[in-house]
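To be precise, the following lines are entry-v5.pdb, and they hold PDB, C-alpha atoms and all ligand atoms.
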ATOM      1  CA  MET K  62     -84.746  15.927  44.401  1.00  0.00           C
ATOM      2  CA  SER K  63     -86.700  19.218  44.157  1.00  0.00           C
ATOM      3  CA  ASP K  64     -86.452  21.172  40.893  1.00  0.00           C
ATOM      4  CA  GLN K  65     -87.163  24.429  42.774  1.00  0.00           C
ATOM      5  CA  LYS K  66     -84.748  27.142  41.612  1.00  0.00           C
ATOM      6  CA  GLU K  67     -83.578  30.246  43.444  1.00  0.00           C
ATOM      7  CA  VAL K  68     -82.090  32.998  41.297  1.00  0.00           C
ATOM      8  CA  VAL K  69     -81.091  36.411  42.640  1.00  0.00           C
ATOM      9  CA  VAL K  70     -79.293  39.220  40.784  1.00  0.00           C
ATOM     10  CA  LEU K  71     -76.416  41.225  42.274  1.00  0.00           C
ATOM     11  CA  ARG K  72     -76.085  44.605  40.559  1.00  0.00           C
ATOM     12  CA  ILE K  73     -72.587  46.040  41.132  1.00  0.00           C
ATOM     13  CA  GLY K  74     -71.395  49.626  40.636  1.00  0.00           C
ATOM     14  CA  HIS K  75     -74.747  51.408  40.262  1.00  0.00           C
ATOM     15  CA  ARG K  76     -74.292  55.206  40.114  1.00  0.00           C
ATOM     16  CA  PRO K  77     -77.575  56.836  41.287  1.00  0.00           C
ATOM     17  CA  GLN K  78     -77.444  59.878  38.981  1.00  0.00           C
ATOM     18  CA  ARG K  79     -76.370  57.963  35.906  1.00  0.00           C
ATOM     19  CA  ASP K  80     -77.668  54.399  36.101  1.00  0.00           C
ATOM     20  CA  ALA K  81     -81.132  54.735  37.666  1.00  0.00           C
ATOM     21  CA  ARG K  82     -83.044  53.849  34.516  1.00  0.00           C
ATOM     22  CA  VAL K  83     -80.788  50.958  33.512  1.00  0.00           C
ATOM     23  CA  THR K  84     -80.732  49.513  37.045  1.00  0.00           C
ATOM     24  CA  THR K  85     -84.523  49.775  37.259  1.00  0.00           C
ATOM     25  CA  HIS K  86     -84.685  47.812  34.003  1.00  0.00           C
ATOM     26  CA  VAL K  87     -82.189  45.251  35.319  1.00  0.00           C
ATOM     27  CA  GLY K  88     -84.565  44.680  38.259  1.00  0.00           C
ATOM     28  CA  LEU K  89     -87.709  44.549  36.114  1.00  0.00           C
ATOM     29  CA  THR K  90     -86.026  42.149  33.678  1.00  0.00           C
ATOM     30  CA  ALA K  91     -84.848  39.964  36.565  1.00  0.00           C
ATOM     31  CA  ARG K  92     -88.399  39.803  37.944  1.00  0.00           C
ATOM     32  CA  ALA K  93     -90.100  39.250  34.579  1.00  0.00           C
ATOM     33  CA  LEU K  94     -87.749  36.439  33.580  1.00  0.00           C
ATOM     34  CA  GLY K  95     -87.787  34.397  36.769  1.00  0.00           C
ATOM     35  CA  ALA K  96     -85.402  35.841  39.386  1.00  0.00           C
ATOM     36  CA  GLN K  97     -86.753  36.181  42.919  1.00  0.00           C
ATOM     37  CA  GLY K  98     -84.904  39.342  43.880  1.00  0.00           C
ATOM     38  CA  MET K  99     -82.077  41.819  43.351  1.00  0.00           C
ATOM     39  CA  TYR K 100     -79.270  43.037  45.588  1.00  0.00           C
ATOM     40  CA  LEU K 101     -77.926  46.491  44.803  1.00  0.00           C
ATOM     41  CA  THR K 102     -74.510  47.540  46.107  1.00  0.00           C
ATOM     42  CA  THR K 103     -75.487  51.228  46.286  1.00  0.00           C
ATOM     43  CA  ARG K 104     -78.272  52.823  48.314  1.00  0.00           C
ATOM     44  CA  ASP K 105     -80.964  54.059  45.926  1.00  0.00           C
ATOM     45  CA  THR K 106     -84.460  54.215  47.351  1.00  0.00           C
ATOM     46  CA  GLY K 107     -85.851  55.643  44.073  1.00  0.00           C
ATOM     47  CA  VAL K 108     -84.809  52.578  42.055  1.00  0.00           C
ATOM     48  CA  THR K 109     -85.918  50.230  44.824  1.00  0.00           C
ATOM     49  CA  SER K 110     -89.388  51.755  45.106  1.00  0.00           C
ATOM     50  CA  SER K 111     -89.929  51.872  41.297  1.00  0.00           C
ATOM     51  CA  ILE K 112     -89.262  48.139  41.014  1.00  0.00           C
ATOM     52  CA  LEU K 113     -91.331  47.261  44.092  1.00  0.00           C
ATOM     53  CA  ASP K 114     -94.192  49.396  42.793  1.00  0.00           C
ATOM     54  CA  VAL K 115     -94.325  47.312  39.575  1.00  0.00           C
ATOM     55  CA  ALA K 116     -94.023  44.076  41.565  1.00  0.00           C
ATOM     56  CA  GLY K 117     -96.852  45.211  43.855  1.00  0.00           C
ATOM     57  CA  ARG K 118     -99.200  45.803  40.920  1.00  0.00           C
ATOM     58  CA  PHE K 119     -98.212  42.900  38.666  1.00  0.00           C
ATOM     59  CA  GLY K 120     -97.739  40.295  41.404  1.00  0.00           C
ATOM     60  CA  GLY K 121     -95.119  37.908  42.691  1.00  0.00           C
ATOM     61  CA  ALA K 122     -92.811  38.207  45.683  1.00  0.00           C
ATOM     62  CA  PHE K 123     -89.803  40.002  44.171  1.00  0.00           C
ATOM     63  CA  PHE K 124     -87.465  41.665  46.696  1.00  0.00           C
ATOM     64  CA  VAL K 125     -84.907  44.458  46.309  1.00  0.00           C
ATOM     65  CA  GLU K 126     -82.211  45.054  48.919  1.00  0.00           C
ATOM     66  CA  ASP K 127     -79.983  48.089  48.382  1.00  0.00           C
ATOM     67  CA  GLY K 128     -76.766  49.138  50.120  1.00  0.00           C
ATOM     68  CA  LYS K 129     -75.467  45.561  50.036  1.00  0.00           C
ATOM     69  CA  GLY K 130     -71.701  44.907  50.149  1.00  0.00           C
ATOM     70  CA  TRP K 131     -70.759  42.862  47.068  1.00  0.00           C
ATOM     71  CA  ARG K 132     -67.940  40.912  48.707  1.00  0.00           C
ATOM     72  CA  SER K 133     -70.022  39.685  51.652  1.00  0.00           C
ATOM     73  CA  CYS K 134     -72.997  39.073  49.363  1.00  0.00           C
ATOM     74  CA  ILE K 135     -70.920  36.750  47.157  1.00  0.00           C
ATOM     75  CA  SER K 136     -69.208  34.985  50.050  1.00  0.00           C
ATOM     76  CA  ASP K 137     -72.498  34.498  51.981  1.00  0.00           C
ATOM     77  CA  TRP K 138     -74.130  33.080  48.846  1.00  0.00           C
ATOM     78  CA  LYS K 139     -71.302  30.616  48.346  1.00  0.00           C
ATOM     79  CA  ALA K 140     -71.217  29.701  52.042  1.00  0.00           C
ATOM     80  CA  GLY K 141     -74.924  28.827  51.741  1.00  0.00           C
ATOM     81  CA  GLY K 142     -74.145  26.382  48.933  1.00  0.00           C
ATOM     82  CA  GLY K 143     -75.131  28.702  46.074  1.00  0.00           C
ATOM     83  CA  THR K 144     -73.392  29.216  42.749  1.00  0.00           C
ATOM     84  CA  VAL K 145     -72.118  32.578  41.476  1.00  0.00           C
ATOM     85  CA  VAL K 146     -72.457  33.408  37.778  1.00  0.00           C
ATOM     86  CA  HIS K 147     -70.795  36.663  36.686  1.00  0.00           C
ATOM     87  CA  LEU K 148     -71.983  37.962  33.316  1.00  0.00           C
ATOM     88  CA  THR K 149     -69.064  39.463  31.415  1.00  0.00           C
ATOM     89  CA  MET K 150     -68.165  39.649  27.749  1.00  0.00           C
ATOM     90  CA  TYR K 151     -64.741  38.219  28.673  1.00  0.00           C
ATOM     91  CA  GLY K 152     -66.139  34.947  30.035  1.00  0.00           C
ATOM     92  CA  LEU K 153     -66.875  31.536  28.521  1.00  0.00           C
ATOM     93  CA  ASN K 154     -69.646  31.742  25.966  1.00  0.00           C
ATOM     94  CA  LEU K 155     -73.130  30.891  27.279  1.00  0.00           C
ATOM     95  CA  PRO K 156     -73.862  27.994  24.862  1.00  0.00           C
ATOM     96  CA  ASP K 157     -70.684  26.256  26.102  1.00  0.00           C
ATOM     97  CA  VAL K 158     -71.541  26.408  29.833  1.00  0.00           C
ATOM     98  CA  GLU K 159     -75.326  26.627  30.144  1.00  0.00           C
ATOM     99  CA  ASP K 160     -75.886  22.867  30.580  1.00  0.00           C
ATOM    100  CA  SER K 161     -73.387  22.822  33.424  1.00  0.00           C
ATOM    101  CA  ILE K 162     -74.932  25.928  35.062  1.00  0.00           C
ATOM    102  CA  ARG K 163     -78.445  24.476  34.787  1.00  0.00           C
ATOM    103  CA  GLU K 164     -77.390  21.678  37.154  1.00  0.00           C
ATOM    104  CA  HIS K 165     -77.131  24.326  39.896  1.00  0.00           C
ATOM    105  CA  LYS K 166     -80.420  25.405  41.494  1.00  0.00           C
ATOM    106  CA  ARG K 167     -79.307  28.400  43.600  1.00  0.00           C
ATOM    107  CA  ILE K 168     -77.719  31.044  41.390  1.00  0.00           C
ATOM    108  CA  LEU K 169     -76.461  34.554  42.155  1.00  0.00           C
ATOM    109  CA  VAL K 170     -76.166  36.402  38.811  1.00  0.00           C
ATOM    110  CA  VAL K 171     -73.686  39.292  38.999  1.00  0.00           C
ATOM    111  CA  VAL K 172     -73.971  42.165  36.512  1.00  0.00           C
ATOM    112  CA  GLY K 173     -71.854  45.310  36.391  1.00  0.00           C
ATOM    113  CA  ALA K 174     -72.431  48.946  35.486  1.00  0.00           C
ATOM    114  CA  GLU K 175     -69.047  50.626  35.310  1.00  0.00           C
ATOM    115  CA  LYS K 176     -65.811  48.582  35.535  1.00  0.00           C
ATOM    116  CA  VAL K 177     -66.324  45.467  37.653  1.00  0.00           C
ATOM    117  CA  PRO K 178     -63.619  44.856  40.331  1.00  0.00           C
ATOM    118  CA  GLY K 179     -61.097  42.252  39.136  1.00  0.00           C
ATOM    119  CA  GLU K 180     -61.650  40.191  42.305  1.00  0.00           C
ATOM    120  CA  VAL K 181     -65.177  39.293  41.093  1.00  0.00           C
ATOM    121  CA  TYR K 182     -63.705  37.270  38.200  1.00  0.00           C
ATOM    122  CA  GLY K 183     -61.844  35.091  40.683  1.00  0.00           C
ATOM    123  CA  LEU K 184     -64.737  34.719  43.146  1.00  0.00           C
ATOM    124  CA  ALA K 185     -67.293  33.722  40.485  1.00  0.00           C
ATOM    125  CA  ASP K 186     -67.897  30.023  39.851  1.00  0.00           C
ATOM    126  CA  TYR K 187     -68.664  30.892  36.240  1.00  0.00           C
ATOM    127  CA  ASN K 188     -67.682  33.969  34.204  1.00  0.00           C
ATOM    128  CA  VAL K 189     -70.176  33.860  31.351  1.00  0.00           C
ATOM    129  CA  ALA K 190     -70.286  35.815  28.102  1.00  0.00           C
ATOM    130  CA  VAL K 191     -73.572  36.260  26.310  1.00  0.00           C
ATOM    131  CA  GLY K 192     -71.663  36.440  23.059  1.00  0.00           C
ATOM    132  CA  SER K 193     -68.109  37.772  23.088  1.00  0.00           C
ATOM    133  CA  GLN K 194     -69.079  41.333  22.173  1.00  0.00           C
ATOM    134  CA  PRO K 195     -69.779  44.330  24.425  1.00  0.00           C
ATOM    135  CA  HIS K 196     -73.472  45.153  24.829  1.00  0.00           C
ATOM    136  CA  SER K 197     -75.649  45.647  27.894  1.00  0.00           C
ATOM    137  CA  GLU K 198     -76.343  44.196  31.328  1.00  0.00           C
ATOM    138  CA  ILE K 199     -80.087  44.206  30.594  1.00  0.00           C
ATOM    139  CA  ALA K 200     -79.670  42.205  27.376  1.00  0.00           C
ATOM    140  CA  ALA K 201     -77.108  39.850  28.950  1.00  0.00           C
ATOM    141  CA  LEU K 202     -79.362  39.179  31.956  1.00  0.00           C
ATOM    142  CA  ALA K 203     -82.463  38.613  29.819  1.00  0.00           C
ATOM    143  CA  ILE K 204     -80.748  36.129  27.522  1.00  0.00           C
ATOM    144  CA  PHE K 205     -79.020  34.347  30.411  1.00  0.00           C
ATOM    145  CA  LEU K 206     -82.298  33.875  32.343  1.00  0.00           C
ATOM    146  CA  ASP K 207     -84.177  32.787  29.240  1.00  0.00           C
ATOM    147  CA  HIS K 208     -81.543  30.117  28.535  1.00  0.00           C
ATOM    148  CA  TYR K 209     -81.327  29.051  32.194  1.00  0.00           C
ATOM    149  CA  TYR K 210     -85.097  28.532  32.440  1.00  0.00           C
ATOM    150  CA  ARG K 211     -85.354  27.268  28.839  1.00  0.00           C
ATOM    151  CA  GLY K 212     -87.948  29.931  28.008  1.00  0.00           C
ATOM    152  CA  THR K 213     -90.489  28.735  30.591  1.00  0.00           C
ATOM    153  CA  THR K 214     -90.700  32.002  32.544  1.00  0.00           C
ATOM    154  CA  LEU K 215     -92.094  33.893  29.535  1.00  0.00           C
ATOM    155  CA  SER K 216     -95.497  32.433  30.383  1.00  0.00           C
ATOM    156  CA  GLN K 217     -95.380  32.728  34.183  1.00  0.00           C
ATOM    157  CA  GLN K 218     -98.550  34.063  35.882  1.00  0.00           C
ATOM    158  CA  TYR K 219     -99.016  35.533  39.364  1.00  0.00           C
ATOM    159  CA  SER K 220    -102.170  34.640  41.279  1.00  0.00           C
ATOM    160  CA  ASP K 221    -101.761  37.699  43.562  1.00  0.00           C
ATOM    161  CA  ALA K 222    -101.521  40.236  40.692  1.00  0.00           C
ATOM    162  CA  ARG K 223    -103.702  43.343  40.965  1.00  0.00           C
ATOM    163  CA  VAL K 224    -103.140  44.005  37.259  1.00  0.00           C
ATOM    164  CA  THR K 225    -102.966  41.192  34.700  1.00  0.00           C
ATOM    165  CA  ILE K 226    -102.222  41.721  31.026  1.00  0.00           C
ATOM    166  CA  ILE K 227    -104.456  39.754  28.706  1.00  0.00           C
ATOM    167  CA  PRO K 228    -102.414  39.001  25.569  1.00  0.00           C
ATOM    168  CA  SER K 229    -103.998  40.676  22.602  1.00  0.00           C
ATOM    169  CA  ALA K 230    -103.199  40.672  18.887  1.00  0.00           C
ATOM    170  CA  HIS K 231    -104.127  44.361  18.668  1.00  0.00           C
ATOM    171  CA  GLY K 232    -104.648  46.932  21.392  1.00  0.00           C
ATOM    172  CA  LYS K 233    -104.015  46.851  25.134  1.00  0.00           C
ATOM    173  CA  THR K 234    -106.151  44.684  27.391  1.00  0.00           C
ATOM    174  CA  THR K 235    -105.709  44.441  31.162  1.00  0.00           C
ATOM    175  CA  GLN K 236    -107.731  42.980  33.981  1.00  0.00           C
ATOM    176  CA  GLU K 237    -107.731  44.716  37.372  1.00  0.00           C
ATOM    177  CA  ARG K 238    -108.896  43.473  40.718  1.00  0.00           C
TER     178      ARG K 238
HETATM  179  N1  LIG D 301     -66.690  48.220  30.807  1.00  0.00           N
HETATM  180  C1  LIG D 301     -67.202  47.407  31.860  1.00  0.00           C
HETATM  181  C2  LIG D 301     -66.188  46.380  32.290  1.00  0.00           C
HETATM  182  O1  LIG D 301     -65.116  46.318  31.743  1.00  0.00           O
HETATM  183  O2  LIG D 301     -66.483  45.608  33.207  1.00  0.00           O
HETATM  184  C3  LIG D 301     -68.504  46.741  31.445  1.00  0.00           C
HETATM  185  C4  LIG D 301     -69.621  47.703  31.150  1.00  0.00           C
HETATM  186  S1  LIG D 301     -71.052  46.903  30.511  1.00  0.00           S
HETATM  187  C5  LIG D 301     -71.959  48.208  29.838  1.00  0.00           C
HETATM  188  C6  LIG D 301     -71.999  46.570  31.946  1.00  0.00           C
HETATM  189  C7  LIG D 301     -72.273  45.117  32.206  1.00  0.00           C
HETATM  190  O3  LIG D 301     -72.955  44.538  31.102  1.00  0.00           O
HETATM  191  C8  LIG D 301     -71.079  44.233  32.400  1.00  0.00           C
HETATM  192  O4  LIG D 301     -70.523  44.367  33.675  1.00  0.00           O
HETATM  193  C9  LIG D 301     -71.698  42.852  32.175  1.00  0.00           C
HETATM  194  O5  LIG D 301     -72.322  42.381  33.352  1.00  0.00           O
HETATM  195  C10 LIG D 301     -72.744  43.138  31.106  1.00  0.00           C
HETATM  196  N2  LIG D 301     -72.335  42.736  29.761  1.00  0.00           N
HETATM  197  C11 LIG D 301     -72.083  43.536  28.703  1.00  0.00           C
HETATM  198  N3  LIG D 301     -71.766  42.814  27.612  1.00  0.00           N
HETATM  199  C12 LIG D 301     -71.846  41.512  27.973  1.00  0.00           C
HETATM  200  C13 LIG D 301     -71.645  40.272  27.289  1.00  0.00           C
HETATM  201  N4  LIG D 301     -71.309  40.216  26.025  1.00  0.00           N
HETATM  202  N5  LIG D 301     -71.825  39.133  27.991  1.00  0.00           N
HETATM  203  C14 LIG D 301     -72.177  39.163  29.304  1.00  0.00           C
HETATM  204  N6  LIG D 301     -72.373  40.302  29.996  1.00  0.00           N
HETATM  205  C15 LIG D 301     -72.215  41.458  29.349  1.00  0.00           C
END
Could you render the structure from this file as structure tokens?
Amino acid sequence: MSDQKEVVVLRIGHRPQRDARVTTHVGLTARALGAQGMYLTTRDTGVTSSILDVAGRFGGAFFVEDGKGWRSCISDWKAGGGTVVHLTMYGLNLPDVEDSIREHKRILVVVGAEKVPGEVYGLADYNVAVGSQPHSEIAALAIFLDHYYRGTTLSQQYSDARVTIIPSAHGKTTQER
């Protein structure tokens, strides 16, 4: 059986005036830690183009689709055989469910901004807490993806990158092509 994984983030409740920076960072974190794309329930071309600009320079095939209805997104994902993981401080703690989640190869990771509709808790296959304390969707997503991929995506490289960072003990080194 193939070990190929497909992970996409669904960002719910984005408010363009208020959440642009955080949602941009949700997308960049998703891309950097191994997700293939992000659905955004609100239309926000500014956020979409900022993320795609980074992806265009640093490589990979990350997609962003805005104006997506959350209910149909979740039901289509499940109808296609995928698994829905909703990150919420009220859920089961990540260390207790991560082995079970890792058995699933197609994951839709739902993160909120303002209050998440109650229906999402019932539709999700897993409601997962990254510690049972309130913090942030960026932190929760980063830790979830790092656990899901067991840290392997920290060293991922993109062969189509126009800009590549060369790790350096001091200073900033990049290679451009
Ligand atoms: N007050 C909102 C609510 O009741 O749904 C949550 C706001 S919180 C700033 C935004 C998002 O961060 C949440 O929807 C959730 O996805 C994520 N989040 C925050 N703390 C979390 C935790 N401990 N575990 C998992 N996700 C968390």
List all protein, DNA and RNA residues that have an atom no more than 7 Å from any atom of ligand LIG 301 (chain D), counting only C-alpha atoms and all ligand atoms, and report them as an NGL selection string. :K and (147-150 or 171-177 or 189-198 or 201)
How many Å separate atom CA of Met99 of chain K from atom CA of Gly212 of chain K? 20.3 Å
I'd like the interatomic distance between atom CA of Ala185 of chain K and atom CA of Arg163 of chain K, to a tenth of an Å.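 Taking atom CA of Ala185 of chain K and atom CA of Arg163 of chain K, their separation equals 15.6 Å.
Residues in contact with segment 158-160 of chain K at 9 Å, where all atoms listed in the file are counted and same-chain residues fewer than 5 positions away are skipped, are listed as K:Leu153, K:Tyr187, K:Val189, K:Phe205, K:His208, K:Tyr209.
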With all atoms listed in the file as the atoms that count, which of K:Ala93, K:Leu71, K:Leu184, K:Ile135 lies nearest to Ala116 of chain K?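 Of the candidates, the smallest distance to Ala116 of chain K is held by K:Ala93.
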Protein and nucleic acid residues near (-87.6, 31.5, 37.3) (cut-off 12 Å, all atoms listed in the file) as a PDB file with C-alpha atoms, in the coordinates of the input:
ATOM      1  CA  ASP K  64     -86.452  21.172  40.893  1.00  0.00           C
ATOM      2  CA  GLN K  65     -87.163  24.429  42.774  1.00  0.00           C
ATOM      3  CA  LYS K  66     -84.748  27.142  41.612  1.00  0.00           C
ATOM      4  CA  GLU K  67     -83.578  30.246  43.444  1.00  0.00           C
ATOM      5  CA  VAL K  68     -82.090  32.998  41.297  1.00  0.00           C
ATOM      6  CA  VAL K  69     -81.091  36.411  42.640  1.00  0.00           C
ATOM      7  CA  VAL K  70     -79.293  39.220  40.784  1.00  0.00           C
ATOM      8  CA  THR K  90     -86.026  42.149  33.678  1.00  0.00           C
ATOM      9  CA  ALA K  91     -84.848  39.964  36.565  1.00  0.00           C
ATOM     10  CA  ARG K  92     -88.399  39.803  37.944  1.00  0.00           C
ATOM     11  CA  ALA K  93     -90.100  39.250  34.579  1.00  0.00           C
ATOM     12  CA  LEU K  94     -87.749  36.439  33.580  1.00  0.00           C
ATOM     13  CA  GLY K  95     -87.787  34.397  36.769  1.00  0.00           C
ATOM     14  CA  ALA K  96     -85.402  35.841  39.386  1.00  0.00           C
ATOM     15  CA  GLN K  97     -86.753  36.181  42.919  1.00  0.00           C
ATOM     16  CA  GLY K  98     -84.904  39.342  43.880  1.00  0.00           C
ATOM     17  CA  GLY K 121     -95.119  37.908  42.691  1.00  0.00           C
ATOM     18  CA  ALA K 122     -92.811  38.207  45.683  1.00  0.00           C
ATOM     19  CA  PHE K 123     -89.803  40.002  44.171  1.00  0.00           C
ATOM     20  CA  ARG K 163     -78.445  24.476  34.787  1.00  0.00           C
ATOM     21  CA  LYS K 166     -80.420  25.405  41.494  1.00  0.00           C
ATOM     22  CA  ARG K 167     -79.307  28.400  43.600  1.00  0.00           C
ATOM     23  CA  ILE K 168     -77.719  31.044  41.390  1.00  0.00           C
ATOM     24  CA  ALA K 203     -82.463  38.613  29.819  1.00  0.00           C
ATOM     25  CA  PHE K 205     -79.020  34.347  30.411  1.00  0.00           C
ATOM     26  CA  LEU K 206     -82.298  33.875  32.343  1.00  0.00           C
ATOM     27  CA  ASP K 207     -84.177  32.787  29.240  1.00  0.00           C
ATOM     28  CA  HIS K 208     -81.543  30.117  28.535  1.00  0.00           C
ATOM     29  CA  TYR K 209     -81.327  29.051  32.194  1.00  0.00           C
ATOM     30  CA  TYR K 210     -85.097  28.532  32.440  1.00  0.00           C
ATOM     31  CA  ARG K 211     -85.354  27.268  28.839  1.00  0.00           C
ATOM     32  CA  GLY K 212     -87.948  29.931  28.008  1.00  0.00           C
ATOM     33  CA  THR K 213     -90.489  28.735  30.591  1.00  0.00           C
ATOM     34  CA  THR K 214     -90.700  32.002  32.544  1.00  0.00           C
ATOM     35  CA  LEU K 215     -92.094  33.893  29.535  1.00  0.00           C
ATOM     36  CA  SER K 216     -95.497  32.433  30.383  1.00  0.00           C
ATOM     37  CA  GLN K 217     -95.380  32.728  34.183  1.00  0.00           C
ATOM     38  CA  GLN K 218     -98.550  34.063  35.882  1.00  0.00           C
TER      39      GLN K 218
END
Grab the atom CA of Thr106 of chain K to atom CA of Val83 of chain K distance for me, in Å with one decimal place.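 Between atom CA of Thr106 of chain K and atom CA of Val83 of chain K the gap is 14.7 Å.
Comparing K:Asn188, K:Ser133, K:Thr225, K:Thr109 by their smallest distance to Thr85 of chain K, the closest is K:Thr109 (using only C-alpha atoms).
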Tell me which of K:Val170, K:Val125, K:Leu113, K:Cys134 sits closest to Leu202 of chain K, counting all atoms listed in the file.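 Of K:Val170, K:Val125, K:Leu113, K:Cys134, the one nearest Leu202 of chain K is K:Val170, counting all atoms listed in the file.
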Pick out the closest residue to Glu126 of chain K from this set: K:Ser161, K:Ser110, K:Thr144, K:Thr234. Count all atoms listed in the file.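 Distance minimum relative to Glu126 of chain K lands on K:Ser110.
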Which residues, named as in the file, does the PyMOL selection byres (((chain K and resi 82) around 12) and not hetatm) pick out? Answer as a PyMOL selection string. chain K and resi 75-81+83-89+105+107-109+111-112+174+199
Writer output for current selection, C-alpha atoms, as a PDB file, in the frame of the given file:
ATOM      1  CA  HIS K  75     -74.747  51.408  40.262  1.00  0.00           C
ATOM      2  CA  ARG K  76     -74.292  55.206  40.114  1.00  0.00           C
ATOM      3  CA  PRO K  77     -77.575  56.836  41.287  1.00  0.00           C
ATOM      4  CA  GLN K  78     -77.444  59.878  38.981  1.00  0.00           C
ATOM      5  CA  ARG K  79     -76.370  57.963  35.906  1.00  0.00           C
ATOM      6  CA  ASP K  80     -77.668  54.399  36.101  1.00  0.00           C
ATOM      7  CA  ALA K  81     -81.132  54.735  37.666  1.00  0.00           C
ATOM      8  CA  VAL K  83     -80.788  50.958  33.512  1.00  0.00           C
ATOM      9  CA  THR K  84     -80.732  49.513  37.045  1.00  0.00           C
ATOM     10  CA  THR K  85     -84.523  49.775  37.259  1.00  0.00           C
ATOM     11  CA  HIS K  86     -84.685  47.812  34.003  1.00  0.00           C
ATOM     12  CA  VAL K  87     -82.189  45.251  35.319  1.00  0.00           C
ATOM     13  CA  GLY K  88     -84.565  44.680  38.259  1.00  0.00           C
ATOM     14  CA  LEU K  89     -87.709  44.549  36.114  1.00  0.00           C
ATOM     15  CA  ASP K 105     -80.964  54.059  45.926  1.00  0.00           C
ATOM     16  CA  GLY K 107     -85.851  55.643  44.073  1.00  0.00           C
ATOM     17  CA  VAL K 108     -84.809  52.578  42.055  1.00  0.00           C
ATOM     18  CA  THR K 109     -85.918  50.230  44.824  1.00  0.00           C
ATOM     19  CA  SER K 111     -89.929  51.872  41.297  1.00  0.00           C
ATOM     20  CA  ILE K 112     -89.262  48.139  41.014  1.00  0.00           C
ATOM     21  CA  ALA K 174     -72.431  48.946  35.486  1.00  0.00           C
ATOM     22  CA  ILE K 199     -80.087  44.206  30.594  1.00  0.00           C
TER      23      ILE K 199
END
Select, from K:Glu180, K:Glu164, K:Asp114, K:Asp157, the residue with the minimum atom-to-atom distance to Arg132 of chain K, counting all atoms listed in the file.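 Selected residue with least distance to Arg132 of chain K: K:Glu180.
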When distances are computed from all atoms listed in the file, which of K:Thr235, K:Asp127, K:Phe119, K:Pro178 shows the smallest separation from Arg104 of chain K? K:Asp127
Is it possible to get the axis-aligned box enclosing segment 203-214 of chain K (all listed atoms, 3 Å extra per side) as JSON, with centre and edge lengths in Å rounded to one decimal?
{"center_x": -84.9, "center_y": 32.9, "center_z": 30.0, "size_x": 17.7, "size_y": 17.3, "size_z": 11.0}
